[in-house]
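J.: Got start10.txt for you, compact mmCIF, C-alpha atoms:
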# COMPACT_ATOMS: atom_id res chain seq x y z
CA MET A 159 -27.09 -7.93 -1.81
CA ALA A 160 -26.16 -6.91 -5.31
CA SER A 161 -22.78 -8.60 -5.16
CA THR A 162 -24.34 -12.05 -4.94
CA GLU A 163 -26.26 -11.69 -8.19
CA PRO A 164 -25.11 -14.00 -11.00
CA TRP A 165 -24.21 -11.18 -13.40
CA LEU A 166 -21.53 -9.97 -10.95
CA MET A 167 -19.64 -13.26 -11.06
CA GLU A 168 -17.62 -12.54 -14.19
CA ASN A 169 -14.52 -14.31 -12.94
CA GLY A 170 -16.40 -17.19 -11.40
CA ASN A 171 -14.15 -17.31 -8.33
CA LEU A 172 -15.46 -14.37 -6.36
CA LYS A 173 -16.35 -16.49 -3.32
CA GLY A 174 -12.79 -17.74 -3.12
CA MET A 175 -11.26 -14.30 -2.68
CA SER A 176 -9.10 -14.02 0.42
CA LYS A 177 -9.74 -11.47 3.12
CA GLU A 178 -6.51 -9.70 2.21
CA THR A 179 -7.56 -9.44 -1.43
CA ARG A 180 -10.98 -8.10 -0.56
CA HIS A 181 -9.47 -5.38 1.58
CA GLY A 182 -6.35 -4.82 -0.48
CA GLY A 183 -7.68 -1.85 -2.41
CA ARG A 184 -9.07 -0.01 0.61
CA THR A 185 -6.91 3.06 0.97
CA ALA A 186 -7.87 6.29 2.69
CA HIS A 187 -8.84 7.71 -0.69
CA ASN A 188 -11.21 4.82 -1.32
CA MET A 189 -12.70 5.08 2.15
CA SER A 190 -13.24 8.81 1.67
CA SER A 191 -14.96 8.41 -1.69
CA SER A 192 -17.08 5.51 -0.41
CA SER A 193 -18.83 7.90 1.98
CA LEU A 194 -20.52 9.47 -1.07
CA ARG A 195 -21.81 6.18 -2.45
CA LYS A 196 -25.26 4.76 -1.99
CA LYS A 197 -26.76 1.32 -2.20
CA SER A 198 -28.31 0.45 -5.55
CA ASP A 199 -31.77 -1.11 -5.69
CA MET A 200 -31.55 -4.05 -8.09
CA THR A 201 -35.23 -5.06 -7.81
CA LEU A 202 -36.20 -3.93 -11.30
CA VAL A 203 -32.94 -5.04 -12.90
CA SER A 204 -33.29 -8.55 -11.48
CA LYS A 205 -36.60 -8.97 -13.34
CA VAL A 206 -34.96 -8.60 -16.77
CA HIS A 207 -34.83 -12.02 -18.44
CA SER A 208 -31.88 -11.47 -20.77
CA GLU A 209 -28.64 -12.06 -18.88
CA LEU A 210 -26.64 -9.72 -21.13
CA VAL A 211 -29.14 -6.87 -20.80
CA ARG A 212 -29.43 -7.50 -17.05
CA ARG A 213 -25.66 -7.32 -16.66
CA LEU A 214 -25.41 -4.09 -18.68
CA LEU A 215 -28.23 -2.46 -16.73
CA ALA A 216 -26.72 -3.56 -13.40
CA ASN A 217 -23.33 -2.09 -14.30
CA PHE A 218 -24.94 1.13 -15.52
CA GLN A 219 -26.94 1.47 -12.32
CA GLU A 220 -23.93 0.81 -10.09
CA VAL A 221 -21.63 3.23 -11.93
CA ILE A 222 -24.01 6.08 -12.76
CA PHE A 223 -26.61 5.91 -9.98
CA GLY A 224 -24.43 4.40 -7.25
CA THR A 225 -23.22 7.81 -6.07
CA LYS A 226 -24.78 10.78 -4.33
CA LEU A 227 -23.25 12.97 -7.03
CA THR A 228 -25.47 11.55 -9.79
CA VAL A 229 -27.20 14.93 -10.06
CA LEU A 230 -23.99 16.41 -11.54
CA PHE A 231 -23.69 13.93 -14.42
CA PRO A 232 -25.94 16.02 -16.75
CA ALA A 233 -23.19 18.65 -16.72
CA ILE A 234 -21.13 16.35 -18.98
CA PRO A 235 -23.44 16.47 -22.04
CA LEU A 236 -24.26 20.10 -21.31
CA ALA A 237 -20.56 21.01 -21.46
CA ILE A 238 -20.14 19.11 -24.74
CA VAL A 239 -23.21 20.81 -26.24
CA ALA A 240 -22.00 24.21 -25.03
CA GLU A 241 -18.65 23.66 -26.74
CA ARG A 242 -20.23 22.24 -29.88
CA TYR A 243 -22.65 25.15 -30.40
CA GLY A 244 -20.32 27.95 -29.34
CA PHE A 245 -21.80 29.01 -26.02
CA GLY A 246 -19.97 31.58 -23.92
CA ARG A 247 -16.54 30.40 -22.77
CA PRO A 248 -17.32 30.94 -19.06
CA TRP A 249 -20.32 28.60 -19.42
CA ILE A 250 -18.15 25.90 -20.96
CA PHE A 251 -15.58 26.35 -18.19
CA ALA A 252 -18.14 26.19 -15.37
CA LEU A 253 -20.00 23.17 -16.79
CA SER A 254 -16.75 21.29 -17.44
CA LEU A 255 -15.53 21.98 -13.93
CA LEU A 256 -18.80 20.73 -12.41
CA ALA A 257 -18.74 17.62 -14.59
CA LEU A 258 -15.24 16.71 -13.40
CA THR A 259 -16.48 16.32 -9.80
CA PRO A 260 -18.55 13.11 -10.21
CA LEU A 261 -16.06 11.71 -12.73
CA ALA A 262 -13.20 11.99 -10.23
CA GLU A 263 -15.29 10.17 -7.60
CA ARG A 264 -16.29 7.43 -10.05
CA ILE A 265 -12.67 6.86 -11.10
CA SER A 266 -11.84 6.24 -7.44
CA PHE A 267 -14.76 3.80 -7.22
CA LEU A 268 -13.71 1.94 -10.37
CA THR A 269 -10.05 1.61 -9.32
CA GLU A 270 -11.26 0.11 -6.04
CA GLN A 271 -13.48 -2.35 -7.89
CA ILE A 272 -10.61 -3.43 -10.13
CA ALA A 273 -8.35 -3.79 -7.07
CA TYR A 274 -10.64 -6.52 -5.70
CA TYR A 275 -9.64 -8.72 -8.65
CA THR A 276 -5.99 -7.70 -9.10
CA GLY A 277 -4.98 -8.05 -5.44
CA PRO A 278 -3.63 -5.56 -2.91
CA THR A 279 -0.31 -4.78 -4.61
CA VAL A 280 -1.60 -4.08 -8.11
CA GLY A 281 -4.64 -2.40 -6.60
CA GLY A 282 -2.42 -0.11 -4.54
CA LEU A 283 -0.33 0.78 -7.58
CA LEU A 284 -3.51 1.49 -9.54
CA ASN A 285 -4.80 3.75 -6.79
CA ALA A 286 -1.42 5.50 -6.61
CA THR A 287 -1.54 6.16 -10.35
CA CYS A 288 -5.20 7.16 -10.70
CA GLY A 289 -5.58 8.89 -7.34
CA ASN A 290 -5.03 12.33 -8.87
CA ALA A 291 -5.77 11.52 -12.50
CA THR A 292 -7.78 14.72 -12.99
CA GLU A 293 -4.87 16.99 -12.00
CA LEU A 294 -2.43 15.05 -14.17
CA ILE A 295 -4.69 15.13 -17.24
CA ILE A 296 -5.32 18.87 -16.85
CA ALA A 297 -1.56 19.40 -16.53
CA ILE A 298 -0.85 17.42 -19.70
CA PHE A 299 -3.39 19.37 -21.78
CA ALA A 300 -2.08 22.65 -20.39
CA LEU A 301 1.47 21.65 -21.34
CA ILE A 302 0.34 20.75 -24.86
CA ARG A 303 -1.08 24.28 -25.13
CA HIS A 304 2.19 25.70 -23.69
CA LYS A 305 0.38 27.06 -20.63
CA VAL A 306 3.12 26.23 -18.15
CA ASP A 307 1.88 28.77 -15.62
CA VAL A 308 -1.55 27.12 -15.53
CA VAL A 309 0.14 23.78 -14.77
CA LYS A 310 2.13 25.31 -11.92
CA TYR A 311 -0.85 27.18 -10.50
CA SER A 312 -3.26 24.24 -10.62
CA LEU A 313 -0.83 21.77 -9.03
CA LEU A 314 0.20 24.27 -6.37
CA GLY A 315 -3.48 24.91 -5.66
CA SER A 316 -4.15 21.19 -5.21
CA ILE A 317 -1.36 20.92 -2.64
CA LEU A 318 -2.51 24.01 -0.74
CA SER A 319 -6.13 22.89 -0.86
CA ASN A 320 -5.34 19.48 0.61
CA LEU A 321 -3.00 20.76 3.32
CA LEU A 322 -5.02 23.75 4.50
CA LEU A 323 -8.63 23.56 3.30
CA VAL A 324 -9.35 19.83 3.37
CA LEU A 325 -7.27 19.01 6.42
CA GLY A 326 -8.32 22.20 8.18
CA THR A 327 -12.02 21.72 7.53
CA SER A 328 -11.78 18.09 8.61
CA LEU A 329 -10.07 18.96 11.90
CA LEU A 330 -12.48 21.84 12.49
CA CYS A 331 -15.63 19.82 11.85
CA GLY A 332 -14.28 16.78 13.66
CA GLY A 333 -13.33 18.88 16.66
CA LEU A 334 -16.72 20.58 16.86
CA ALA A 335 -18.58 17.27 16.49
CA ASN A 336 -16.44 15.49 19.11
CA MET A 337 -15.80 18.19 21.69
CA GLU A 338 -16.44 15.82 24.58
CA LYS A 339 -13.54 13.52 23.61
CA GLU A 340 -9.91 13.97 22.66
CA GLN A 341 -9.29 13.24 19.01
CA LYS A 342 -6.17 11.22 18.31
CA PHE A 343 -4.51 9.94 15.14
CA ASP A 344 -1.49 7.85 14.20
CA ARG A 345 1.51 10.16 13.97
CA LYS A 346 3.69 7.70 12.04
CA GLN A 347 1.88 8.18 8.74
CA ALA A 348 1.74 11.97 9.20
CA ASP A 349 5.48 12.11 9.97
CA VAL A 350 6.39 10.24 6.78
CA ASN A 351 4.22 12.49 4.61
CA SER A 352 5.53 15.65 6.29
CA LEU A 353 9.14 14.66 5.66
CA MET A 354 8.45 13.95 1.99
CA LEU A 355 6.65 17.27 1.60
CA LEU A 356 9.68 19.04 3.10
CA LEU A 357 11.91 17.37 0.51
CA ALA A 358 9.52 18.51 -2.23
CA LEU A 359 9.70 22.03 -0.78
CA LEU A 360 13.50 21.89 -0.96
CA CYS A 361 13.28 20.95 -4.64
CA HIS A 362 11.01 23.96 -5.24
CA THR A 363 13.07 26.38 -3.16
CA LEU A 364 16.50 25.70 -4.70
CA PRO A 365 15.55 26.81 -8.26
CA LEU A 366 14.06 29.99 -6.80
CA MET A 367 17.22 30.66 -4.78
CA LEU A 368 19.37 29.87 -7.82
CA ARG A 369 17.53 32.51 -9.84
CA TYR A 370 18.19 35.16 -7.21
CA ALA A 371 21.80 34.05 -6.73
CA GLY A 372 22.47 33.69 -10.47
CA GLU A 373 24.59 35.92 -12.63
CA SER A 374 23.13 38.88 -14.45
CA ASP A 375 22.90 37.08 -17.81
CA GLY A 376 19.40 35.64 -17.85
CA PRO A 377 19.72 32.83 -20.43
CA SER A 378 22.45 30.89 -18.63
CA THR A 379 20.68 31.18 -15.27
CA ALA A 380 17.37 30.12 -16.81
CA GLU A 381 19.04 27.09 -18.41
CA ALA A 382 20.63 26.15 -15.09
CA ILE A 383 17.25 26.41 -13.34
CA VAL A 384 15.64 24.11 -15.91
CA ASN A 385 18.44 21.54 -15.58
CA LEU A 386 18.29 21.65 -11.79
CA SER A 387 14.51 21.23 -11.92
CA ARG A 388 14.80 18.17 -14.13
CA VAL A 389 17.34 16.54 -11.82
CA SER A 390 15.18 17.39 -8.80
CA SER A 391 12.14 15.93 -10.54
CA ILE A 392 13.93 12.65 -11.11
CA VAL A 393 14.95 12.61 -7.44
CA MET A 394 11.34 13.23 -6.37
CA LEU A 395 10.06 10.45 -8.62
CA ILE A 396 12.63 8.06 -7.13
CA LEU A 397 11.43 9.03 -3.66
CA TYR A 398 7.81 8.54 -4.67
CA PHE A 399 8.44 5.03 -5.97
CA ALA A 400 10.38 4.26 -2.78
CA TYR A 401 7.35 5.54 -0.90
CA LEU A 402 5.14 3.11 -2.83
CA VAL A 403 7.40 0.24 -1.75
CA PHE A 404 7.22 1.54 1.81
CA GLN A 405 3.42 1.90 1.62
CA LEU A 406 2.52 -1.28 -0.25
CA TRP A 407 5.11 -3.76 1.01
CA THR A 408 7.42 -3.02 3.91
CA HIS A 409 5.12 -0.88 6.11
CA ARG A 410 1.69 -1.50 4.64
CA ARG A 411 0.08 -1.76 8.07
CA LEU A 412 0.61 1.99 8.60
CA PHE A 413 -1.56 2.92 5.61
CA GLU A 414 -4.32 0.31 5.59
CA ALA A 415 -7.82 1.59 6.28
CA SER A 416 -9.45 -0.01 9.30
CA GLU A 417 -11.54 -3.04 8.45
CA GLU A 418 -14.32 -1.85 10.71
CA GLU A 419 -15.05 0.84 8.13
CA ASP A 420 -16.15 -1.71 5.55
CA GLU A 421 -19.77 -0.71 5.77
CA ASP A 422 -20.82 2.92 5.62
CA ASP A 423 -23.91 4.58 7.02
CA ASP A 424 -26.03 3.66 4.02
CA GLY A 425 -25.20 0.00 4.48
CA VAL A 426 -23.12 -0.24 1.33
CA SER A 427 -20.94 -3.26 1.91
CA GLN A 428 -17.45 -3.16 0.45
CA GLU A 429 -16.62 -6.82 1.20
CA SER A 430 -16.90 -7.82 -2.46
CA PRO A 431 -17.01 -6.06 -5.84
CA VAL A 432 -20.31 -4.94 -7.34
CA ILE A 433 -19.13 -5.02 -10.97
CA GLY A 434 -16.84 -7.38 -12.86
CA LEU A 435 -13.19 -6.89 -13.72
CA TRP A 436 -13.54 -6.17 -17.42
CA SER A 437 -16.63 -4.06 -16.85
CA GLY A 438 -14.61 -1.99 -14.41
CA VAL A 439 -11.74 -1.62 -16.88
CA THR A 440 -14.13 -0.57 -19.66
CA TRP A 441 -15.90 1.98 -17.46
CA LEU A 442 -12.54 3.31 -16.21
CA ILE A 443 -11.32 3.89 -19.78
CA GLY A 444 -14.58 5.63 -20.67
CA MET A 445 -14.54 7.85 -17.56
CA THR A 446 -10.90 8.78 -18.18
CA ALA A 447 -11.75 9.73 -21.77
CA PHE A 448 -14.47 12.09 -20.55
CA VAL A 449 -12.06 13.57 -17.98
CA ALA A 450 -9.56 14.20 -20.79
CA LEU A 451 -12.22 15.88 -22.95
CA LEU A 452 -13.48 18.10 -20.14
CA SER A 453 -9.94 18.92 -19.04
CA GLU A 454 -9.23 20.17 -22.54
CA TYR A 455 -12.33 22.39 -22.28
CA VAL A 456 -11.17 23.75 -18.92
CA VAL A 457 -7.66 24.54 -20.14
CA GLY A 458 -8.92 26.09 -23.37
CA THR A 459 -11.39 28.44 -21.69
CA ILE A 460 -9.63 29.45 -18.49
CA GLU A 461 -8.15 32.70 -19.82
CA GLU A 462 -11.42 33.86 -21.42
CA THR A 463 -13.22 32.98 -18.19
CA SER A 464 -10.69 34.99 -16.21
CA ALA A 465 -11.25 38.04 -18.40
CA SER A 466 -15.05 37.64 -18.29
CA TRP A 467 -15.28 37.18 -14.52
CA GLY A 468 -12.63 39.76 -13.71
CA ILE A 469 -10.66 37.20 -11.67
CA SER A 470 -6.99 36.42 -12.21
CA VAL A 471 -5.98 33.12 -13.77
CA SER A 472 -3.84 32.43 -10.71
CA PHE A 473 -6.89 32.63 -8.40
CA ILE A 474 -9.00 30.41 -10.67
CA SER A 475 -6.21 27.82 -10.99
CA ILE A 476 -5.01 27.84 -7.38
CA ILE A 477 -8.36 28.19 -5.59
CA LEU A 478 -11.37 27.33 -7.79
CA LEU A 479 -9.99 24.36 -9.75
CA PRO A 480 -8.90 22.30 -6.71
CA ILE A 481 -12.03 23.08 -4.66
CA VAL A 482 -14.51 22.07 -7.36
CA GLY A 483 -12.46 19.35 -9.04
CA ASN A 484 -11.80 17.45 -5.80
CA ALA A 485 -15.04 18.25 -4.01
CA ALA A 486 -16.07 14.59 -3.72
CA GLU A 487 -12.84 13.49 -2.06
CA HIS A 488 -12.86 16.55 0.19
CA ALA A 489 -16.43 15.92 1.31
CA GLY A 490 -15.60 12.32 2.17
CA SER A 491 -12.66 13.42 4.29
CA ILE A 492 -14.87 15.79 6.26
CA ILE A 493 -17.54 13.13 6.76
CA PHE A 494 -15.03 10.74 8.32
CA ALA A 495 -13.69 13.53 10.54
CA PHE A 496 -17.25 13.98 11.85
CA LYS A 497 -17.15 10.29 12.76
CA ASN A 498 -13.89 10.80 14.68
CA LYS A 499 -11.90 8.76 12.15
CA LEU A 500 -9.05 11.18 11.64
CA ASP A 501 -6.60 8.61 10.28
CA ILE A 502 -8.73 8.35 7.13
CA SER A 503 -9.08 12.14 6.85
CA LEU A 504 -5.33 12.60 7.24
CA GLY A 505 -4.68 9.83 4.74
CA VAL A 506 -6.78 11.68 2.16
CA ALA A 507 -5.39 15.18 2.73
CA LEU A 508 -1.72 14.34 3.27
CA GLY A 509 -1.78 11.45 0.80
CA SER A 510 -3.14 13.62 -2.01
CA ALA A 511 -0.75 16.49 -1.25
CA THR A 512 2.22 14.09 -1.20
CA GLN A 513 1.17 12.40 -4.42
CA ILE A 514 0.81 15.70 -6.26
CA ALA A 515 4.06 17.16 -4.89
CA LEU A 516 6.22 14.08 -5.45
CA PHE A 517 4.56 12.45 -8.46
CA VAL A 518 2.32 14.75 -10.52
CA VAL A 519 4.56 17.85 -10.36
CA PRO A 520 7.87 16.11 -11.25
CA LEU A 521 6.11 13.95 -13.83
CA SER A 522 4.79 17.12 -15.46
CA VAL A 523 8.35 18.46 -15.64
CA VAL A 524 9.53 15.21 -17.25
CA ILE A 525 6.63 15.19 -19.73
CA ALA A 526 7.39 18.81 -20.64
CA TRP A 527 11.03 17.81 -21.12
CA ILE A 528 10.00 14.99 -23.46
CA ILE A 529 7.76 17.20 -25.64
CA GLY A 530 10.34 19.98 -25.79
CA ILE A 531 8.87 22.48 -23.32
CA LYS A 532 11.05 24.10 -20.66
CA MET A 533 9.12 23.73 -17.42
CA ASP A 534 10.98 24.24 -14.15
CA LEU A 535 10.23 24.01 -10.44
CA ASP A 536 10.62 27.75 -9.90
CA PHE A 537 7.07 28.64 -8.88
CA ASN A 538 8.09 32.27 -8.09
CA LEU A 539 8.45 33.92 -4.72
CA LEU A 540 4.80 34.34 -3.74
CA GLU A 541 3.78 30.82 -4.72
CA THR A 542 6.82 29.11 -3.19
CA GLY A 543 6.46 31.12 0.00
CA SER A 544 2.81 30.10 0.31
CA LEU A 545 3.77 26.46 -0.21
CA ALA A 546 6.57 26.64 2.38
CA LEU A 547 4.40 28.25 5.07
CA SER A 548 1.57 25.79 4.39
CA ILE A 549 3.83 22.74 4.81
CA ILE A 550 5.43 24.15 7.96
CA VAL A 551 2.09 25.09 9.56
CA THR A 552 0.67 21.66 8.73
CA ALA A 553 3.72 19.88 10.18
CA PHE A 554 3.42 21.84 13.43
CA THR A 555 -0.32 21.12 13.57
CA LEU A 556 0.21 17.35 13.41
CA GLN A 557 3.30 17.04 15.60
CA ASP A 558 1.61 15.81 18.81
CA GLY A 559 -0.83 13.23 17.38
CA THR A 560 -3.93 14.97 18.78
CA SER A 561 -6.45 17.37 17.31
CA HIS A 562 -9.12 19.89 18.27
CA TYR A 563 -11.19 22.44 16.41
CA MET A 564 -8.72 25.32 16.97
CA LYS A 565 -6.09 23.56 14.86
CA GLY A 566 -8.55 23.15 12.04
CA LEU A 567 -9.70 26.76 12.31
CA ILE A 568 -6.13 28.04 12.04
CA LEU A 569 -5.49 25.97 8.89
CA VAL A 570 -8.71 27.20 7.26
CA LEU A 571 -7.89 30.82 8.10
CA CYS A 572 -4.43 30.37 6.59
CA TYR A 573 -6.07 29.14 3.40
CA ILE A 574 -8.44 32.13 3.35
CA VAL A 575 -5.52 34.57 3.68
CA ILE A 576 -3.59 32.84 0.88
CA GLY A 577 -6.74 32.82 -1.28
CA ALA A 578 -7.23 36.54 -0.68
CA CYS A 579 -3.62 37.15 -1.67
CA PHE A 580 -4.05 35.44 -5.03
CA PHE A 581 -7.44 37.12 -5.52
CA VAL A 582 -5.92 40.60 -5.36
CA SER A 583 -2.91 39.49 -7.41
CA LYS A 584 -3.47 40.44 -11.05
CA THR A 585 -0.20 39.19 -12.51
CA PRO A 586 -0.82 38.14 -16.16
CA LEU A 587 0.31 34.77 -17.44
CA ASN A 588 3.96 34.60 -18.50
CA GLN A 589 4.63 37.93 -16.79
CA THR A 590 5.71 36.70 -13.36
CA ASN A 591 9.39 36.42 -14.17
CA VAL A 592 9.49 40.01 -15.37
CA ILE A 593 8.20 41.23 -12.03
CA ASN A 594 10.47 38.96 -10.04
CA LEU A 595 13.52 39.98 -12.04
CA GLY A 596 12.78 43.53 -11.03
CA ILE A 597 12.79 42.45 -7.41
CA GLU A 598 16.01 40.58 -8.04
CA SER A 599 17.78 43.65 -9.37
CA SER A 600 16.76 45.71 -6.34
CA ALA A 601 17.68 42.97 -3.91
CA GLU A 602 21.00 42.28 -5.58
CA GLY A 603 22.60 45.29 -3.99
CA ILE A 604 21.39 44.23 -0.54
CA PHE A 605 22.84 40.74 -0.64
CA ARG A 606 26.08 41.62 -2.45
CA VAL A 607 27.27 44.59 -0.44
Have the structure of the file written as structure tokens, please.
T.:
Amino acid sequence: MASTEPWLMENGNLKGMSKETRHGGRTAHNMSSSSLRKKSDMTLVSKVHSELVRRLLANFQEVIFGTKLTVLFPAIPLAIVAERYGFGRPWIFALSLLALTPLAERISFLTEQIAYYTGPTVGGLLNATCGNATELIIAIFALIRHKVDVVKYSLLGSILSNLLLVLGTSLLCGGLANMEKEQKFDRKQADVNSLMLLLALLCHTLPLMLRYAGESDGPSTAEAIVNLSRVSSIVMLILYFAYLVFQLWTHRRLFEASEEEDEDDDGVSQESPVIGLWSGVTWLIGMTAFVALLSEYVVGTIEETSASWGISVSFISIILLPIVGNAAEHAGSIIFAFKNKLDISLGVALGSATQIALFVVPLSVVIAWIIGIKMDLDFNLLETGSLALSIIVTAFTLQDGTSHYMKGLILVLCYIVIGACFFVSKTPLNQTNVINLGIESSAEGIFRV
């Protein structure tokens, strides 16, 4: 095995790692991404005489060729070349979006590798921070460009995609592949995530209700909504950090991936790291830099792409960005559902949705506050309504701890209807409040008779 080669023993104490440390970084996200990895053949690398060159080649082979998504890596230089030589903006957008897919999977792989050396607690915190790094980086660059609506749309789309598309497809495929047996999962983890998502929904609903219940003078109501959103964001961040304590310390057994999953179908053992600590840190920094560069391309070309393709920015941000950007994680979730391992699939879908709703969204509000941009949690009526119905439908789907393909089909169909709604919606950026204020004025007479 590659992990026993001398160039992988950077710390010198790999054999002394405890069982808890070796498994400490294995979350549902890691397990999902590991389904897309493949075993590297080190035959040629082992024949290189220079230890330094052999180590560099081994790391390169593990990071670049150790995934089934290697074929998408050429999209990275192609996107850079397209931007450098002024290709059409839709080409830059499409290539950047494709290039983000393998990078997101490799970041998950590298955080898992680092977790083997740092231990379960630090590894869990690292996974919690980097689990949705792509969405957070895109949000930051969009905020820098004052595209608050793009931030809201993309983060909302990630939540909807995880709750309806990923979870729905997983339950549908798992149910069809295991029709002869009843599929069961642990309700305890699902209940915790559902409750936290309901709190996040409350924090999104109150600013919307405040806008409709506010006085006629817009500026004071808008200021109150921003202040309420900032307080709510702080509350959500407090809950998220409490959730980390709950997940990593007090009730860790509820979230640990089963140890029997340590070897996937390709025989890729996860018992020990395949690259060293500092190699992993270096690769992680490099991959994150490329994600930042490509995210800037995506944010800078989304409006031109929308005009060229004749598709609204809301549809691109809510539907296309989450599907393509998280394709690797989504595919892994579906693969484990096929294997009747729904706890992992639920951990991916609900875990990602919870992390975005309670960490990435409120953190974006706080970052906007720091850089002087007024971002609130009022995602408008259509968007908030879609979020509310999605969370409620998902909670009802998971309430009995069992699954079959009909549950998955219903979730997927809900996602299709919501996608169709945003496809026909042609609301321009920064115009949503104008439309909603018109609704408010007509509804004011109804509620204040």
J.: Suppose you want the space between CA of Ile528 (chain A) and CA of Thr512 (chain A); what is it in Å?
T.: 23.6 Å
J.: Work out how far apart CA of Ser437 (chain A) and CA of Ser453 (chain A) are and give it in Å to one decimal.
T.: 24.0 Å
J.: Within 12 Å of Phe554 (chain A), counting all atoms listed in the file, which residues show up once you throw out same-chain ones fewer than 6 positions away? Write them as a PyMOL selection string, please.
T.: chain A and resi 345+348-349+352+547-548+560-561+565+568-569
J.: What is the distance, in Å and to one decimal place, between CA of Lys310 (chain A) and CA of Thr463 (chain A)?
T.: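 Going from CA of Lys310 (chain A) over to CA of Thr463 (chain A) covers 18.3 Å.
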